[in-house]
Structures are given as structure tokens and as C-alpha cells.
Protein chains: 4
Amino acid sequence: MGRGRLEAFSDGVIAIIITIMVLELRVPHGDDLAALGGLWPVFFSYVLSYVYLGIYWNNHHHMLQATHRVTGGILWANLHLLFWLSLFPFVTAWMSENHFAPVPTALYGGVLLLAAIAYYILQRTIMAAQGPDSLLARAVGRDLKGKLSPLAYVIAIALACVTPALAWVFYAGVALIWLIPDKRIERVLPDEAGGGE
Amino acid sequence: MGRGRLEAFSDGVIAIIITIMVLELRVPHGDDLAALGGLWPVFFSYVLSYVYLGIYWNNHHHMLQATHRVTGGILWANLHLLFWLSLFPFVTAWMSENHFAPVPTALYGGVLLLAAIAYYILQRTIMAAQGPDSLLARAVGRDLKGKLSPLAYVIAIALACVTPALAWVFYAGVALIWLIPDKRIERVLPDEAGGGE
Amino acid sequence: MGRGRLEAFSDGVIAIIITIMVLELRVPHGDDLAALGGLWPVFFSYVLSYVYLGIYWNNHHHMLQATHRVTGGILWANLHLLFWLSLFPFVTAWMSENHFAPVPTALYGGVLLLAAIAYYILQRTIMAAQGPDSLLARAVGRDLKGKLSPLAYVIAIALACVTPALAWVFYAGVALIWLIPDKRIERVLPDEAGGGE
Amino acid sequence: MGRGRLEAFSDGVIAIIITIMVLELRVPHGDDLAALGGLWPVFFSYVLSYVYLGIYWNNHHHMLQATHRVTGGILWANLHLLFWLSLFPFVTAWMSENHFAPVPTALYGGVLLLAAIAYYILQRTIMAAQGPDSLLARAVGRDLKGKLSPLAYVIAIALACVTPALAWVFYAGVALIWLIPDKRIERVLPDEAGGGE
């Protein structure tokens with residue numbers, strides 16, 4: 001399978017990003033519950049970023065399921081997506097260590113936005129390589145979720161400068177919407193989805 | 001094989017968690033045996049967590065062996081299990097750096113408990129997807145070990161608040177019981193187990 | 001496929017190198033844009049090294065596509081290439097933390113040069129194992145890019161000692177030239193390239 | 001292939017161990033050649049450990065080539081080997097940061113010895129599972145190198161307590177002997193070795 005190495009490399013990078021994020025959960029100095037309690041901003045931010053990376057891994061998995069021809073353009077569009085995902089540990093740490101201050105919270109949204117745009121570019125690149133009548137093109141359809149998410153991030157970035165807590169509501173809300181894996185691709189790929197999802 | 005990428009991603013995450021734990025084994029300042037001796041709590045905790053992660057990897061391997069249909073629910077149940085496993089380096093470090101103080105030792109048990117529950121949920125999710133008459137359902141059977149382990153962790157957590165050393169006896173005891181790979185699945189999968197285990 | 005494990009191991013190492021580099025992007029102390037601004041040398045160096053590693057992964061991928069026989073020599077030539085790539089995080093960090101001082105900038109070029117030489121040795125080793133009339137030999141052809149890049153690095157290293165900024169122009173320029181994946185191999189591998197690239 | 005996941009997991013762990021070792025090559029404070037020069041003990045130790053891990057990966061690769069039946073015992077013997085390999089970054093760092101003091105240099109040899117023993121156990125476990133007449137049993141033969149290396153490590157550990165430099169000669173010497181991949185397995189596996197090595 002031509003997409004095998006693309007999948008393996010992406011899996012490797014995402015697996016490492018997820019695990020490196022946990023390094024930010026630094027061992028507290030005390031040994032009681034109070035010391036542990038001080039970690040809540042880092043812990044919750046870790047959960048949010050973990051869920052986002054899980055969503056990207058999941059949808060990436062579904063999208064490549066419908067990819068049969070891998071071109072040089074797809075390889076670079078994929079590396080471009082992984083670049084923005086690789087910044088998750090940095091922005092997660094900066095945001096949580098500063099207890100959700102405005103600028104770090106907005107930057108977190110900025111990286112979410114750029115990752116979403118990179119995902120969109122990758123999707124378009126794959127669709128262009130598979131032809132306009134491909135399974136992926138039919139599966140993606142109007143792609144309402146994919147188009148609304150960047151809009152939500154833009155609003156959240158603006159909100160972050162005033163009320164960072166509201167930005168978090170948007171970040172968590174978009175994650176919740178995406179938690180459901182992309183049923184559209186499963187729907188048009190019934191045979192493969194059986195054993196091959 | 002549809003489960004290939006699920007296995008590869010899980011392997012990657014578990015491999016990184018294991019290796020990142022060793023970073024907690026910080027280089028001591030002296031260059032003699034006394035300096036090395038001060039590392040024993042970190043070293044023994046590393047061994048215990050390494051064994052636990054080895055057990056999870058091993059049983060995960062056996063369970064997916066009997067999985068033929070991967071659904072979105074399985075992907076998320078698996079990410080949920082990996083989430084709790086990803087906290088092993090943190091709780092291992094906190095427990096060992098505080099020389100097995102009550103709260104960190106109890107928290108270690110808490111993460112063991114949550115990982116065990118996540119494993120149980122993953123097993124149920126896979127069994128539901130394969131149908132009630134699947135190989136996995138027959139292989140798992142009454143699942144005595146899977147049901148007793150969480151109970152042992154709960155007792156250990158309670159004990160940790162009073163006598164952390166006793167909690168360790170439970171943690172190590174459960175690990176020993178699980179060290180034997182899941183013979184049940186090997187038993188009902190004789191053909192595949194030959195070359196495919 | 002005999003080359004499978006070679007690819008998987010190389011992918012793993014490159015994925016980890018890329019992700020470890022991002023650890024150098026340390027969380028700044030302030031929580032405003034000024035604090036973030038101080039990171040620009042680290043960020044731009046990260047982007048350059050990320051692109052270089054992407055190029056190596058991409059071309060490595062293409063080269064192994066045309067490799068059908070893996071020998072012990074190829075395994076070691078590959079480990080040799082990975083050795084120099086593994087020094088990217090170190091030289092990137094040293095260069096960027098010293099704001100592109102002459103010696104660190106020259107050393108960065110030195111590692112680029114040694115990686116390019118290692119890649120050339122790997123290519124020769126693979127070609128020798130496949131026979132003089134192999135697909136790879138025909139695909140690589142005169143290999144103008146492969147021969148000019150080391151020359152550019154040597155010039156850049158010399159320039160770095162005087163005007164580091166000029167060295168950067170060379171580093172970035174060579175990266176741009178290589179950004180285009182190796183069309184030569186795609187050209188002579190039309191059938192496989194369809195689904196197998 | 002039943003051994004696929006065993007190989008993938010081992011590759012992942014070894015790839016991460018190699019890459020994590022490079023983190024010990026900390027960015028020096030100055031920006032000149034003198035600052036770089038202070039790193040030579042760390043750099044040379046990194047090279048030695050990198051070569052050792054490359055040897056283990058290489059021979060592991062060859063050994064699994066001749067493995068057709070993977071049992072629970074093999075999985076644990078493999079995890080046991082990976083455990084000792086996972087201590088390479090720690091002992092490499094301790095030895096090099098103390099400029100090859102006696103105790104750290106002896107401990108380095110101790111981990112080399114334990115890894116060699118673990119490799120021997122893994123080889124025996126695989127041979128037992130494949131049957132006495134297996135390809136691997138014939139390929140390994142008298143295994144002179146495998147039996148002499150532990151002896152060399154024991155001598156080196158004793159020497160380290162007196163003259164650490166002599167211990168290094170042994171460590172480097174054994175590595176040189178092993179640099180040649182295991183031709184014995186290639187010899188008895190001619191068909192598979194062609195494309196499948």
C-alpha cells in the first residue's frame with residue numbers, strides 16, 4: 001500500500017507529540033493534594049490538546065482510508081499539517097503555565113486555526129489527486145464542520161483578548177463537535193469500513 | 001488489515017511512554033556508588049511501571065489479535081486507554097521522588113485503576129463490535145483477573161493513605177498475576193496463534 | 001517487503017528528531033507578545049530544520065521505493081545518515097540560542113554537509129546492491145542537485161565565519177531547491193508511482 | 001506476519017532510545033569552538049552507544065528474520081532486552097558527564113553485559129520456540145561472538161575500577177567486532193535474504 005509509510009510517519013509524529021505534552025505535567029514539589037491541585041490548568045489543557053490530537057489522528061485515519069494515490073504534493077501537505085500539530089505542546093504549555101492569560105490563549109487558538117487550515121489544504125490536495133469523482137470527494141460533501149471550525153477559532157481568538165474563559169468554551173465546543181468520527185467516509189466506504197476502517 | 005494502524009499508533013505511544021519514563025532516572029551528581037544508591041526508589045518504580053506497560057502492551061496485542069472489525073468507538077476507547085497510560089511517567093516520578101509518600105502512592109494506584117477501567121471499556125467495546133459470539137467473547141470468558149485487579153487497586157489506594165509499603169505489595173502482586181500473557185485468547189485462536197500471535 | 005523494517009525504523013527516528021526539536025522552543029517567561037517575539041531565532045531555525053528533515057524523509061521515501069534488495073551495508077549506511085540527522089536538534093539549538101553567531105552557524109552547515117555526504121553514500125550503497133542497470137541508477141542519473149548541494153554547504157560554512165546571514169541564504173536556498181520531491185524516480189517508476197509512491 | 005508488531009514495537013523503542021540520548025548533548029553556554037570542545041566526552045560516548053544500539057537493532061532484525069512463531073515467552077524476553085537497552089541513555093550520560101570516572105564506566109559495562117545476557121536469553125527463547133532444527137539454530141551455530149562478548153564486558157568492568165581508559169578499549173573493540181552484521185543468518189537464509197533481509 002502506497003499510503004502505508006505516510007500513515008506510519010504521521011502516526012509516529014502524532015504519538016510523540018501527545019507523549020511529549022505530558023512532559024509539561026511537571027512533578028510538583030510537595031507530596032500532598034495541595035501540590036497536586038496546583039496542576040489543574042496544566043492537566044485540563046493537556047486533556048483538551050490530547051482530545052484535539054486524537055480527533056486529528058482519527059480523521060486523518062479516515063481520510064487516508066479513501067486515498068489511493070499518494071503524490072509529492074500530498075506528502076508536503078501532510079508535513080505542513082504535522083508542523084502545526086507539532087506546536088501543540090508549546091502553545092499548550094505557554095497557555096497553561098500562564099493560567100490562560102489573553103495572549104497565550106489567543107495563540108493557542110491561532111495554532112488550532114492554522115492546523116485546521118492545513119488539514120483543509122491536505123484534504124483538497126488528496127481530492128485533487130484522486131479526481132473530482134473520488135470516494136473522498138463524495139464522502140466529504142459540503143464539509144460544514146470543516147468550514148465552521150476555522151470561523152469558530154477566529155471568533156475565539158478575538159474573544160481570548162478580552163475574556164479568555166469564553167475562548168475556552170469555543171475551543172472545547174469545537175472539540176466536542178469533532179469527537180464524533182467522520183461518519184461520511186464510513187457511509188460511502190461500506191465494504192472497506194467493515195474490516196478496514 | 002484494518003487494525004494495523006490502531007496497533008501501530010498504540011505501539012508508538014506505549015514505546016514512547018516507556019522510554020520517556022527513563023528520563024526521570026536523572027544523572028546523579030556524584031560519581032560513586034553512594035550517588036547511584038540514592039536512585040533506588042526511582043529505579044524500582046521504573047521497573048514496576050515498565051512491567052505494567054509491558055503487560056498492557058502484551059494483552060493489548062492479544063486482544064487486537066481477536067479483533068476483526070475496528071469502529072470509531074474502538075478508536076476512542078483505545079485513545080482513552082492510552083490517555084491513562086500516558087500519565088504513568090508523571091505518577092511514577094511523583095511517587096518515587098517523594099520516596100513513596102502516602103498521597104503520591106495513592107495517586108499511582110488511582111492511575112492504575114483508571115487504566116484498568118479503560119482497558120475493560122475497550123474490551124467491552126471490541127466485543128460489542130465483534131458480536132456476542134465472537135472469538136474474543138469466548139476467549140475472555142468470565143475475566144476473573146480483569147475483575148479482581150480493580151478491586152485490588154481500590155484496596156491498595158486505601159492502604160496507601162496509611163501504609164504506602166502495603167500498597168506497593170498490592171501493585172507488585174497484581175503485576176505478577178498479569179505477567180502471564182492471556183492464554184485464554186491463545187487457546188481459542190490455535191491456528192492464528194501459531195504464526196500470528 | 002524486505003525494506004519495510006528499514007523504512008519503519010527510519011521513519012521512527014526522523015519523526016522523533018522532528019518532534020524533539022520543538023522541545024527547544026521553550027516556554028517564555030512573560031505572557032505577552034514581547035515574550036513571544038524573543039523566540040523568533042528559535043522558531044525560524046526550527047522551520048528550516050523541519051523543512052530539511054522533511055526533504056530527507058521525502059527523498060529517502062522515494063529512494064527506498066526503488067530499492068528491492070536490502071543488504072547489511074545498506075542498513076549501516078542508513079544508520080550513518082540517521083546519525084547526522086540526529087544531530088539536527090543540537091546544532092539547531094546551539095545556532096538559534098546564540099542568535100546565529102559565526103561558529104554555531106558554521107557548525108549547522110557542517111552537519112548539513114555531513115548528512116548530505118551520508119545520503120550520497122547511502123544512495124551509492126543501494127545502487128551497488130541493485131546492480132548498475134537498476135531503476136534507481138537510471139532514476140538518479142547525473143544527480144546534479146546531489147552534487148551541487150555539498151558545494152553550496154562548503155561555501156556557506158566559509159561565509160558563516162564572516163557573515164552568518166549570508167550562510168543562512170545558502171541554507172535556505174538549498175532547501176528551496178530540494179523542496180520539489182525527486183521527480184526523476186517518479187518518472188522511471190510510472191506504474192508503481194501510481195499507487196505505490 | 002506474526003512478528004510484525006514485535007518488530008514495530010522494538011523498532012519504536014530503539015529509535016526513541018537513540019534519539020533521547022542526543023538530548024544529553026546539551027547546548028553549551030559559549031558560542032565558540034572552545035565551548036564545543038568541552039562536549040567531546042559526551043559526543044564520543046554518544047557515538048559508542050549509538051553504534052551499540054545500531055548493532056542490537058541490526059542483529060535483532062536478522063534474528064527475527066528467522067523467527068516464524070512468536071510466543072508469550074518471546075514477547076517477554078524481548079521486553080527484557082529492551083529494558084536494559086532503555087538504560088543506555090542514563091549510563092551513557094552518567095559516564096560522560098563524569099569524564100569516565102571508574103564507577104560510571106564500570107556501570108556502563110554492567111548494562112552492556114546485562115543487555116548481552118538478555119539478547120542471549122531472547123535468542124534461546126526463540127530457538128526453543130522454533131524447534132531444535134530451526135533455521136535460527138543452524139544459523140547461530142556455536143555463537144562464538146555471543147559467548148566472548150560477555151566475557152570481554154566482565155574483564156572491562158574489572159579494568160574500569162582501575163584504568164577506565166582500558167575498559168573503553170574493550171567496549172569499543174567489542175563494538176567493532178559486532179559491526180559486521182550476522183552473516184551466519186544471511187548464509188542459511190539465501191532465498192529470503194535476497195529481498196527479505
# chains A, B, ... in the order shown; residues from 1 in each chain; ligands from 1
$ closest_atom_pairs --of "chain C" --to "chain D" --cutoff "7 Å" --atoms "only C-alpha atoms" --output "Markdown table"
| residue | atom | partner | partner_atom | distance |
| --- | --- | --- | --- | --- |
| C:Met1 | CA | D:Gly196 | CA | 6.1 |
| C:Gly2 | CA | D:Gly196 | CA | 3.7 |
| C:Phe9 | CA | D:Asp11 | CA | 5.6 |
| C:Gly12 | CA | D:Ala15 | CA | 6.0 |
| C:Val13 | CA | D:Ala15 | CA | 5.1 |
| C:Ile16 | CA | D:Ile16 | CA | 6.7 |
| C:Ile17 | CA | D:Thr19 | CA | 6.6 |
| C:His68 | CA | D:Gly195 | CA | 6.0 |
| C:Arg69 | CA | D:Gly195 | CA | 4.7 |
| C:Val70 | CA | D:Glu197 | CA | 5.9 |
| C:Thr71 | CA | D:Glu197 | CA | 6.8 |
| C:Gly72 | CA | D:Pro181 | CA | 6.0 |
| C:Leu79 | CA | D:Gly54 | CA | 7.0 |
| C:Ser86 | CA | D:Thr19 | CA | 6.5 |
| C:Phe90 | CA | D:Val27 | CA | 6.5 |
| C:Ala93 | CA | D:Val27 | CA | 6.7 |
| C:Trp94 | CA | D:Val27 | CA | 5.5 |
| C:Asn98 | CA | D:Asp31 | CA | 6.3 |
| C:Ala101 | CA | D:Asp31 | CA | 6.6 |
| C:Val103 | CA | D:Asp32 | CA | 5.7 |
| C:Pro104 | CA | D:Asp31 | CA | 6.3 |
$ select_by_dssp --residues "segment 4-138 of chain C" --states "alpha helix (DSSP H)" --output "ChimeraX atom specification"
/C:4-21,33-37,40-65,72-86,88-97,102-130,135-138
$ residues_around --residues "His80 of chain A" --least-positions-apart "6" --cutoff "9 Å" --atoms "only C-alpha atoms" --output "PyMOL selection string"
chain A and resi 115+118-119+122
$ atom_distance --atom1 "atom CA of Leu166 of chain A" --atom2 "atom CA of Ser96 of chain A"
15.3 Å
